[in-house]
>>> print(open('coords.csv').read())   # CSV, C-alpha atoms
chain,number,residue,atom,x,y,z
A,1192,MET,CA,126.6,57.3,157.3
A,1193,GLN,CA,129.4,55.8,155.1
A,1194,PRO,CA,132.6,57.8,154.6
A,1195,LYS,CA,132.9,59.5,151.2
A,1196,ARG,CA,135.1,57.5,148.9
A,1197,ILE,CA,138.3,59.4,147.8
A,1198,LYS,CA,138.5,59.7,144.0
A,1199,ARG,CA,141.8,58.6,142.5
A,1200,ALA,CA,143.6,60.1,139.5
A,1201,ILE,CA,144.1,56.7,137.9
A,1202,ASN,CA,144.9,56.3,134.2
A,1203,GLY,CA,144.5,53.3,131.9
A,1204,VAL,CA,142.1,51.2,129.9
A,1205,LEU,CA,140.0,48.3,131.2
A,1206,LEU,CA,138.6,45.6,128.9
A,1207,LEU,CA,135.2,44.8,130.5
A,1208,ASP,CA,132.9,41.9,129.5
A,1209,LYS,CA,129.6,43.8,129.9
A,1210,PRO,CA,126.9,41.6,131.5
A,1211,LEU,CA,123.4,41.1,130.2
A,1212,GLY,CA,120.9,43.6,131.5
A,1213,PHE,CA,123.4,46.4,132.2
A,1214,SER,CA,123.4,49.6,130.1
A,1215,SER,CA,126.8,50.7,129.1
A,1216,ASN,CA,126.5,53.6,131.5
A,1217,GLN,CA,125.6,51.4,134.4
A,1218,ALA,CA,128.6,49.2,133.6
A,1219,LEU,CA,130.8,52.3,133.4
A,1220,GLN,CA,129.6,53.7,136.7
A,1221,LYS,CA,130.2,50.3,138.4
A,1222,VAL,CA,133.8,50.2,137.1
A,1223,LYS,CA,134.4,53.8,138.0
A,1224,TRP,CA,133.2,53.1,141.5
A,1225,LEU,CA,135.3,50.0,141.9
A,1226,TYR,CA,138.4,51.9,140.8
A,1227,GLN,CA,137.4,55.1,142.7
A,1228,ALA,CA,138.3,56.9,139.5
A,1229,ALA,CA,137.9,60.6,139.2
A,1230,LYS,CA,137.1,60.3,135.5
A,1231,ALA,CA,135.9,57.5,133.2
A,1232,GLY,CA,134.3,57.0,129.9
A,1233,HIS,CA,133.3,54.0,127.7
A,1234,THR,CA,134.1,53.6,124.0
A,1235,GLY,CA,130.8,52.6,122.3
A,1236,SER,CA,127.4,51.8,123.7
A,1237,LEU,CA,126.0,48.3,124.0
A,1238,ASP,CA,122.3,47.8,124.6
A,1239,PRO,CA,121.3,46.1,127.9
A,1240,LEU,CA,120.4,43.1,125.7
A,1241,ALA,CA,123.9,42.9,124.4
A,1242,THR,CA,127.0,41.5,126.2
A,1243,GLY,CA,130.7,41.5,125.5
A,1244,LEU,CA,133.7,43.8,125.0
A,1245,LEU,CA,133.3,47.3,126.4
A,1246,PRO,CA,136.6,49.1,126.7
A,1247,ILE,CA,136.5,51.6,129.6
A,1248,CYS,CA,139.0,54.5,129.7
A,1249,LEU,CA,140.0,55.9,133.1
A,1250,GLY,CA,141.5,59.3,133.8
A,1251,GLU,CA,143.7,60.7,131.0
A,1252,ALA,CA,142.9,57.8,128.7
A,1253,THR,CA,139.5,59.4,128.2
A,1254,LYS,CA,141.3,61.9,125.9
A,1255,PHE,CA,141.7,59.2,123.3
A,1256,SER,CA,138.5,57.2,123.7
A,1257,HIS,CA,137.0,58.6,120.5
A,1258,TYR,CA,139.6,56.6,118.5
A,1259,LEU,CA,138.0,53.4,119.8
A,1260,LEU,CA,134.5,54.9,119.3
A,1261,ASP,CA,135.4,55.4,115.6
A,1262,ALA,CA,137.1,51.9,115.2
A,1263,ASP,CA,135.8,48.8,113.5
A,1264,LYS,CA,134.0,46.3,115.7
A,1265,SER,CA,132.9,42.7,115.4
A,1266,TYR,CA,129.9,40.9,116.9
A,1267,ARG,CA,128.4,37.5,117.3
A,1268,ALA,CA,124.7,38.0,116.6
A,1269,LEU,CA,121.8,35.6,117.0
A,1270,ILE,CA,118.8,36.3,114.6
A,1271,ARG,CA,115.4,34.8,115.0
A,1272,LEU,CA,113.6,34.5,111.7
A,1273,GLY,CA,109.9,34.5,111.3
A,1274,SER,CA,108.9,37.3,113.6
A,1275,THR,CA,109.4,41.1,113.8
A,1276,THR,CA,109.2,43.2,116.9
A,1277,THR,CA,108.7,46.9,117.8
A,1278,THR,CA,112.3,47.3,118.8
A,1279,ALA,CA,113.9,45.0,116.2
A,1280,ASP,CA,115.2,42.8,119.1
A,1281,ALA,CA,113.9,40.4,121.7
A,1282,GLU,CA,112.9,43.1,124.1
A,1283,GLY,CA,110.1,44.4,121.9
A,1284,GLU,CA,106.5,43.3,121.4
A,1285,VAL,CA,106.0,40.9,118.5
A,1286,LEU,CA,104.5,42.7,115.4
A,1287,THR,CA,104.3,40.0,112.8
A,1288,ARG,CA,104.8,36.2,112.5
A,1289,CYS,CA,105.6,34.2,109.4
A,1290,VAL,CA,106.4,30.6,108.6
A,1291,VAL,CA,110.1,30.3,107.8
A,1292,GLN,CA,110.7,28.6,104.5
A,1293,VAL,CA,114.4,29.4,103.9
A,1294,ASP,CA,117.2,27.0,103.0
A,1295,GLN,CA,120.9,27.6,103.7
A,1296,ALA,CA,121.7,28.5,100.1
A,1297,GLN,CA,119.1,31.3,100.2
A,1298,LEU,CA,120.4,32.5,103.5
A,1299,GLU,CA,124.0,32.6,102.3
A,1300,SER,CA,123.0,34.4,99.1
A,1301,VAL,CA,121.2,37.1,101.1
A,1302,LEU,CA,124.0,37.5,103.6
A,1303,LYS,CA,126.4,38.2,100.8
A,1304,ARG,CA,124.2,41.1,99.7
A,1305,PHE,CA,124.9,42.9,102.9
A,1306,ILE,CA,128.7,42.8,102.7
A,1307,GLY,CA,130.3,46.0,101.6
A,1308,ASP,CA,129.0,49.6,101.8
A,1309,ILE,CA,125.3,49.6,102.7
A,1310,VAL,CA,122.7,52.1,103.9
A,1311,GLN,CA,120.9,51.8,107.2
A,1312,VAL,CA,118.0,53.7,108.8
A,1313,PRO,CA,118.8,54.0,112.5
A,1314,PRO,CA,116.1,52.4,114.7
A,1315,MET,CA,113.8,54.5,116.8
A,1316,TYR,CA,115.0,52.5,119.8
A,1317,SER,CA,118.4,54.0,119.8
A,1318,ALA,CA,120.5,56.6,121.7
A,1319,LEU,CA,120.7,58.9,118.7
A,1320,LYS,CA,119.6,62.4,119.7
A,1321,HIS,CA,116.8,64.5,118.1
A,1322,ALA,CA,116.2,68.0,119.5
A,1323,GLY,CA,118.3,67.0,122.6
A,1324,LYS,CA,116.4,63.8,123.4
A,1325,ALA,CA,117.3,60.2,122.6
A,1326,LEU,CA,115.2,58.6,120.0
A,1327,TYR,CA,114.2,55.8,122.3
A,1328,GLU,CA,112.5,58.4,124.5
A,1329,TYR,CA,110.2,59.4,121.6
A,1330,ALA,CA,109.6,55.8,120.8
A,1331,ARG,CA,108.5,55.0,124.3
A,1332,ALA,CA,106.0,57.9,124.0
A,1333,GLY,CA,104.7,56.5,120.7
A,1334,VAL,CA,106.2,59.3,118.6
A,1335,ASP,CA,108.0,58.3,115.4
A,1336,ILE,CA,110.8,60.6,114.2
A,1337,GLU,CA,111.9,60.7,110.6
A,1338,ARG,CA,115.6,59.4,110.5
A,1339,LYS,CA,118.0,59.9,107.7
A,1340,ALA,CA,119.6,56.8,106.2
A,1341,ARG,CA,123.3,56.5,107.0
A,1342,ALA,CA,126.1,54.8,105.1
A,1343,VAL,CA,128.0,52.0,107.0
A,1344,THR,CA,130.4,49.3,105.9
A,1345,ILE,CA,130.0,45.6,106.6
A,1346,HIS,CA,133.5,44.1,106.1
A,1347,GLN,CA,132.5,40.5,106.7
A,1348,ILE,CA,129.6,38.2,107.6
A,1349,VAL,CA,130.4,34.6,108.6
A,1350,LEU,CA,127.5,32.2,109.0
A,1351,GLU,CA,128.2,30.2,112.2
A,1352,ARG,CA,124.9,28.3,112.6
A,1353,PHE,CA,121.5,27.9,110.9
A,1354,GLU,CA,118.9,25.8,112.7
A,1355,GLY,CA,115.3,26.4,111.6
A,1356,GLU,CA,114.4,29.9,112.7
A,1357,LEU,CA,117.8,30.6,114.3
A,1358,VAL,CA,120.7,32.1,112.5
A,1359,GLU,CA,124.0,32.9,114.2
A,1360,ILE,CA,126.5,35.1,112.4
A,1361,VAL,CA,129.8,36.9,113.1
A,1362,VAL,CA,129.8,40.4,111.7
A,1363,THR,CA,132.8,42.7,111.3
A,1364,CYS,CA,131.6,46.3,110.6
A,1365,SER,CA,132.4,50.0,110.7
A,1366,LYS,CA,131.4,52.4,113.5
A,1367,GLY,CA,127.7,53.4,113.5
A,1368,THR,CA,126.4,50.0,112.3
A,1369,TYR,CA,123.2,48.8,114.0
A,1370,ILE,CA,123.2,45.0,114.2
A,1371,ARG,CA,119.5,45.2,115.2
A,1372,THR,CA,118.8,46.9,111.9
A,1373,LEU,CA,121.0,44.4,110.0
A,1374,ALA,CA,119.1,41.5,111.6
A,1375,GLU,CA,115.7,43.1,110.7
A,1376,ASP,CA,116.9,43.9,107.1
A,1377,ILE,CA,118.1,40.3,106.6
A,1378,GLY,CA,114.7,39.1,107.7
A,1379,VAL,CA,113.0,41.4,105.2
A,1380,ALA,CA,115.4,40.2,102.4
A,1381,LEU,CA,114.5,36.6,103.2
A,1382,GLY,CA,110.8,37.4,103.0
A,1383,CYS,CA,110.0,36.1,106.5
A,1384,GLY,CA,111.0,38.9,108.8
A,1385,GLY,CA,113.4,38.6,111.7
A,1386,HIS,CA,114.7,40.3,114.8
A,1387,LEU,CA,117.9,40.3,116.9
A,1388,ALA,CA,117.7,37.6,119.6
A,1389,GLY,CA,121.2,38.0,121.1
A,1390,LEU,CA,124.3,40.0,120.6
A,1391,ARG,CA,127.9,39.8,121.9
A,1392,ARG,CA,130.7,42.2,121.0
A,1393,LEU,CA,133.9,40.3,120.2
A,1394,THR,CA,136.4,43.0,119.2
A,1395,THR,CA,136.9,46.8,119.2
A,1396,ALA,CA,139.8,47.7,116.8
A,1397,HIS,CA,142.6,45.3,117.9
A,1398,LEU,CA,141.2,44.7,121.4
A,1399,ARG,CA,139.6,41.3,122.1
A,1400,LEU,CA,136.9,39.9,124.3
A,1401,GLU,CA,139.2,37.0,125.3
A,1402,ASP,CA,141.2,39.6,127.3
A,1403,ALA,CA,138.3,41.1,129.1
A,1404,VAL,CA,137.2,40.7,132.7
A,1405,THR,CA,133.7,40.5,134.2
A,1406,ILE,CA,132.3,42.8,136.9
A,1407,GLU,CA,132.1,39.8,139.3
A,1408,GLN,CA,135.8,39.1,138.8
A,1409,LEU,CA,136.6,42.8,139.4
A,1410,GLU,CA,134.5,42.8,142.6
A,1411,ALA,CA,136.4,39.7,143.9
A,1412,MET,CA,139.8,41.2,143.4
A,1413,ALA,CA,142.0,43.2,145.7
A,1414,PRO,CA,142.5,46.8,144.6
A,1415,GLU,CA,146.1,46.1,143.6
A,1416,ALA,CA,145.0,43.3,141.3
A,1417,ARG,CA,142.4,45.5,139.7
A,1418,ASP,CA,145.0,48.2,139.0
A,1419,ALA,CA,147.3,45.5,137.4
A,1420,LEU,CA,144.5,44.8,134.8
A,1421,LEU,CA,144.7,48.3,133.3
A,1422,LEU,CA,146.2,48.6,129.9
A,1423,PRO,CA,148.4,51.6,129.0
A,1424,MET,CA,146.6,54.6,127.6
A,1425,ASP,CA,148.1,54.3,124.2
A,1426,VAL,CA,146.4,51.0,123.4
A,1427,THR,CA,143.6,53.2,122.2
A,1428,ILE,CA,145.7,54.6,119.4
A,1429,ASN,CA,148.3,52.0,118.6
A,1430,ASP,CA,147.4,52.1,114.9
A,1431,LEU,CA,148.8,55.7,114.7
A,1432,PRO,CA,152.5,56.1,113.7
A,1433,GLN,CA,154.8,56.9,116.6
A,1434,VAL,CA,157.5,59.6,116.9
A,1435,ILE,CA,160.3,59.6,119.6
A,1436,VAL,CA,161.6,63.0,120.7
A,1437,ASP,CA,164.7,63.8,122.8
A,1438,ALA,CA,164.5,64.9,126.5
A,1439,GLU,CA,164.7,68.6,125.6
A,1440,SER,CA,161.9,68.4,123.1
A,1441,ALA,CA,159.8,66.3,125.5
A,1442,PHE,CA,160.3,69.1,128.1
A,1443,TYR,CA,158.9,71.8,125.8
A,1444,LEU,CA,156.1,69.6,124.3
A,1445,LYS,CA,154.8,68.9,127.8
A,1446,ARG,CA,154.4,72.7,128.2
A,1447,GLY,CA,152.4,72.9,125.0
A,1448,GLN,CA,155.2,74.3,122.8
A,1449,TYR,CA,156.1,73.3,119.3
A,1450,VAL,CA,159.4,71.6,118.7
A,1451,TRP,CA,161.7,70.8,115.7
A,1452,LYS,CA,162.8,67.3,114.9
A,1453,SER,CA,165.5,66.9,112.2
A,1454,GLY,CA,164.5,65.1,109.1
A,1455,PHE,CA,160.9,64.7,110.4
A,1456,ASN,CA,158.0,64.4,107.9
A,1457,GLN,CA,154.7,62.9,108.9
A,1458,LEU,CA,151.2,63.5,107.7
A,1459,GLY,CA,148.2,63.3,110.1
A,1460,ALA,CA,148.1,62.5,113.8
A,1461,PHE,CA,150.9,60.5,115.5
A,1462,ARG,CA,151.8,59.2,118.9
A,1463,ILE,CA,154.6,61.1,120.7
A,1464,TYR,CA,157.0,59.3,123.1
A,1465,ALA,CA,160.0,60.5,125.1
A,1466,GLU,CA,163.3,58.6,124.7
A,1467,THR,CA,162.5,57.0,128.1
A,1468,GLY,CA,159.4,55.4,126.6
A,1469,GLU,CA,157.0,57.8,128.3
A,1470,PHE,CA,153.8,58.4,126.3
A,1471,LEU,CA,153.3,62.1,125.9
A,1472,GLY,CA,150.2,62.3,123.8
A,1473,ILE,CA,149.2,63.0,120.2
A,1474,GLY,CA,150.8,65.5,117.9
A,1475,GLU,CA,150.6,66.8,114.3
A,1476,GLN,CA,153.2,68.4,112.0
A,1477,THR,CA,152.6,72.1,111.2
A,1478,ALA,CA,153.0,73.6,107.8
A,1479,GLU,CA,156.4,74.9,108.9
A,1480,GLY,CA,157.5,71.3,109.8
A,1481,LYS,CA,157.3,71.6,113.6
A,1482,ILE,CA,155.8,69.0,115.9
A,1483,ALA,CA,152.7,70.5,117.5
A,1484,PRO,CA,151.1,68.9,120.6
A,1485,ARG,CA,147.4,68.3,120.0
A,1486,ARG,CA,146.3,66.2,123.0
A,1487,LEU,CA,148.7,65.7,125.8
A,1488,ILE,CA,148.8,63.6,128.9
A,1489,VAL,CA,148.7,65.5,132.1
A,1490,ASP,CA,151.0,64.0,134.8
A,1491,ASN,CA,148.6,63.8,137.8
A,1492,THR,CA,150.5,61.3,139.8
>>> encode(input="coords.csv", output="structure tokens")
Amino acid sequence: MQPKRIKRAINGVLLLDKPLGFSSNQALQKVKWLYQAAKAGHTGSLDPLATGLLPICLGEATKFSHYLLDADKSYRALIRLGSTTTTADAEGEVLTRCVVQVDQAQLESVLKRFIGDIVQVPPMYSALKHAGKALYEYARAGVDIERKARAVTIHQIVLERFEGELVEIVVTCSKGTYIRTLAEDIGVALGCGGHLAGLRRLTTAHLRLEDAVTIEQLEAMAPEARDALLLPMDVTINDLPQVIVDAESAFYLKRGQYVWKSGFNQLGAFRIYAETGEFLGIGEQTAEGKIAPRRLIVDNT
């Protein structure tokens, strides 16, 4: 019987290049095991068919993971025109086939129509919940659930390649965008149908795939080298304004108390740091003008 692995109170953010065939949760559990982390969470699901950037928050960093969940993301998507599938991607059974008679001018014209604020109906093969169950569970049982259309924003679509039935695009979009649905809708707009043949996430907020590491690379590393890969917790929220407080204020903030800061005026959430550079967490200003701690780092070292 193998000895039980001791869980570590380790904090930070790992940029993982999720491999093909892994669910986001499988990738998360593998990373959590490699780091012996007591707590971990990912920042936006990728289907097993998809690869690419999956930021994983360890320890106290999980308190800020929702900021990356809500962030804009970009993807490289491969669309196969001329056929539709049950899942809107390459894993499903083919439903229809059609001869593709599309030129590049038509394709570029259609792609432009999807840039901006659009409405999508989430696919049945998705992790969205209905009555406590994921939609894909209903889909596998042959049950179709009515889904409400949702507003999303496509900031940019760049056509990278067009070869016969294959279209490769880079999409920058808001949270909640289903690239499978976008691929399917592009196929409908072109009159020939289409499905997603491949997907790779390139960015989440300011974080980039180029800086990510694979599971194989992690497995080959010594524990100290793995730890050195972790980014600081505040990379999840570096678009928030920052506020520096003196040692006395930091002392009281850590204990959940409100503090004054002379001449301070800041709307919305902000990052709080001690004069030493220590990241304390997130705060907001009260109506009385005090700094109120909203989500604090617990020192578990």
>>> closest_residue(input="coords.csv", among="A:Arg1199, A:Lys1221, A:Lys1264, A:Lys1303", to="Thr1405 of chain A", atoms="all atoms listed in the file")
A:Lys1221
>>> atom_distance(input="coords.csv", atom1="atom CA of Leu1487 of chain A", atom2="atom CA of Leu1249 of chain A")
15.0 Å
>>> residues_around(input="coords.csv", residues="Pro1313 of chain A", least_positions_apart="3", cutoff="7 Å", atoms="all atoms listed in the file", output="list in words")
Arg1338, Ala1340 and Tyr1369 of chain A
>>> residues_around(input="coords.csv", residues="segment 1383-1399 of chain A", least_positions_apart="3", cutoff="6 Å", atoms="all atoms listed in the file", output="list in words")
Ala1241, Thr1242, Gly1243, Leu1244, Ala1262, Asp1263, Lys1264, Ser1265, Tyr1266, Arg1267, Ala1268, Leu1269, Ile1270, Arg1271, Leu1272, Gly1273, Ser1274, Thr1275, Ala1279, Asp1280, Ala1281, Cys1289, Val1291, Arg1371, Ala1374, Glu1375, Gly1378, Val1379 and Asp1402 of chain A
>>> atom_distance(input="coords.csv", atom1="atom CA of Ala1200 of chain A", atom2="atom CA of Arg1462 of chain A")
22.2 Å
>>> residues_around(input="coords.csv", residues="Gly1447 of chain A", least_positions_apart="2", cutoff="12 Å", atoms="all atoms listed in the file", output="VMD selection string")
chain A and resid 1440 to 1445 1449 to 1450 1471 to 1474 1482 to 1489
>>> decode(input="coords.csv", residues="segment 1235-1362 of chain A", atoms="C-alpha atoms", output="compact mmCIF listing (two decimals), in the first residue's frame")
# COMPACT_ATOMS: atom_id res chain seq x y z
CA GLY A 1235 -12.72 28.14 -17.65
CA SER A 1236 -13.51 24.72 -19.10
CA LEU A 1237 -12.04 23.37 -22.31
CA ASP A 1238 -13.69 20.37 -23.97
CA PRO A 1239 -11.59 17.18 -24.32
CA LEU A 1240 -11.39 17.98 -28.06
CA ALA A 1241 -9.80 21.36 -27.27
CA THR A 1242 -6.22 22.07 -26.25
CA GLY A 1243 -4.35 25.12 -25.06
CA LEU A 1244 -4.21 27.58 -22.22
CA LEU A 1245 -5.84 26.49 -18.98
CA PRO A 1246 -4.76 28.66 -16.04
CA ILE A 1247 -4.94 26.65 -12.82
CA CYS A 1248 -5.16 28.38 -9.46
CA LEU A 1249 -3.62 26.70 -6.44
CA GLY A 1250 -4.41 27.42 -2.79
CA GLU A 1251 -5.39 30.98 -1.98
CA ALA A 1252 -5.28 31.92 -5.68
CA THR A 1253 -8.62 30.10 -6.08
CA LYS A 1254 -10.24 33.08 -4.33
CA PHE A 1255 -9.61 35.15 -7.46
CA SER A 1256 -10.16 32.54 -10.19
CA HIS A 1257 -13.56 33.98 -11.14
CA TYR A 1258 -11.83 37.06 -12.54
CA LEU A 1259 -10.21 34.86 -15.17
CA LEU A 1260 -13.45 32.95 -15.69
CA ASP A 1261 -15.09 36.27 -16.58
CA ALA A 1262 -12.20 37.49 -18.75
CA ASP A 1263 -12.03 37.73 -22.54
CA LYS A 1264 -10.37 34.79 -24.27
CA SER A 1265 -8.96 34.01 -27.70
CA TYR A 1266 -8.91 30.78 -29.68
CA ARG A 1267 -7.53 29.28 -32.86
CA ALA A 1268 -10.42 27.34 -34.39
CA LEU A 1269 -10.52 24.93 -37.31
CA ILE A 1270 -13.92 24.68 -39.01
CA ARG A 1271 -14.84 21.96 -41.48
CA LEU A 1272 -17.47 23.17 -43.91
CA GLY A 1273 -19.94 20.90 -45.69
CA SER A 1274 -21.03 18.71 -42.79
CA THR A 1275 -22.91 19.09 -39.53
CA THR A 1276 -22.70 16.81 -36.49
CA THR A 1277 -24.79 15.96 -33.45
CA THR A 1278 -22.34 17.77 -31.15
CA ALA A 1279 -21.34 20.62 -33.51
CA ASP A 1280 -17.76 19.28 -33.33
CA ALA A 1281 -15.69 16.41 -34.66
CA GLU A 1282 -16.71 14.05 -31.85
CA GLY A 1283 -20.34 13.82 -32.97
CA GLU A 1284 -22.07 11.74 -35.59
CA VAL A 1285 -22.50 13.35 -38.99
CA LEU A 1286 -26.03 14.63 -39.56
CA THR A 1287 -25.82 16.29 -42.97
CA ARG A 1288 -23.39 16.61 -45.85
CA CYS A 1289 -23.29 19.31 -48.49
CA VAL A 1290 -21.05 20.30 -51.37
CA VAL A 1291 -19.07 23.42 -50.44
CA GLN A 1292 -19.31 26.16 -53.04
CA VAL A 1293 -17.88 29.11 -51.11
CA ASP A 1294 -15.21 31.55 -52.21
CA GLN A 1295 -12.99 33.63 -49.95
CA ALA A 1296 -14.96 36.84 -50.52
CA GLN A 1297 -18.17 35.13 -49.36
CA LEU A 1298 -16.41 33.67 -46.35
CA GLU A 1299 -14.90 37.00 -45.29
CA SER A 1300 -18.26 38.72 -45.71
CA VAL A 1301 -19.97 36.14 -43.47
CA LEU A 1302 -17.23 36.29 -40.81
CA LYS A 1303 -17.70 40.05 -40.53
CA ARG A 1304 -21.37 39.49 -39.66
CA PHE A 1305 -20.37 37.67 -36.49
CA ILE A 1306 -18.13 40.41 -35.13
CA GLY A 1307 -19.71 42.49 -32.35
CA ASP A 1308 -22.58 41.69 -29.99
CA ILE A 1309 -24.30 38.49 -31.12
CA VAL A 1310 -26.75 35.97 -29.67
CA GLN A 1311 -25.97 32.28 -29.25
CA VAL A 1312 -28.08 29.31 -28.18
CA PRO A 1313 -25.83 27.15 -25.96
CA PRO A 1314 -25.31 23.63 -27.38
CA MET A 1315 -26.89 20.61 -25.77
CA TYR A 1316 -23.43 19.07 -25.47
CA SER A 1317 -22.27 21.58 -22.87
CA ALA A 1318 -21.66 21.71 -19.13
CA LEU A 1319 -24.49 24.17 -18.52
CA LYS A 1320 -26.80 22.90 -15.80
CA HIS A 1321 -30.54 22.22 -15.99
CA ALA A 1322 -32.28 20.98 -12.84
CA GLY A 1323 -28.89 20.14 -11.37
CA LYS A 1324 -27.65 18.07 -14.32
CA ALA A 1325 -25.28 19.07 -17.12
CA LEU A 1326 -26.96 19.48 -20.49
CA TYR A 1327 -24.65 16.89 -22.06
CA GLU A 1328 -26.13 14.26 -19.72
CA TYR A 1329 -29.58 14.94 -21.18
CA ALA A 1330 -28.13 14.96 -24.71
CA ARG A 1331 -26.54 11.55 -24.23
CA ALA A 1332 -29.93 10.23 -23.08
CA GLY A 1333 -31.57 11.64 -26.21
CA VAL A 1334 -33.44 14.37 -24.33
CA ASP A 1335 -33.50 17.87 -25.79
CA ILE A 1336 -33.82 20.74 -23.31
CA GLU A 1337 -34.98 24.18 -24.41
CA ARG A 1338 -32.11 26.67 -23.98
CA LYS A 1339 -32.36 30.43 -23.77
CA ALA A 1340 -30.28 32.43 -26.22
CA ARG A 1341 -27.44 34.37 -24.60
CA ALA A 1342 -25.73 37.57 -25.61
CA VAL A 1343 -21.96 37.34 -26.16
CA THR A 1344 -19.40 39.58 -27.82
CA ILE A 1345 -17.00 38.63 -30.60
CA HIS A 1346 -14.28 41.27 -30.53
CA GLN A 1347 -12.32 40.02 -33.54
CA ILE A 1348 -12.22 37.22 -36.12
CA VAL A 1349 -9.05 36.85 -38.18
CA LEU A 1350 -9.11 34.47 -41.15
CA GLU A 1351 -5.83 32.53 -41.06
CA ARG A 1352 -6.46 29.85 -43.69
CA PHE A 1353 -9.10 28.80 -46.23
CA GLU A 1354 -8.52 25.59 -48.13
CA GLY A 1355 -11.56 23.97 -49.70
CA GLU A 1356 -13.64 22.71 -46.78
CA LEU A 1357 -11.22 23.86 -44.07
CA VAL A 1358 -11.37 27.29 -42.48
CA GLU A 1359 -8.93 28.36 -39.76
CA ILE A 1360 -9.75 31.48 -37.75
CA VAL A 1361 -8.49 33.23 -34.63
CA VAL A 1362 -11.37 34.48 -32.47
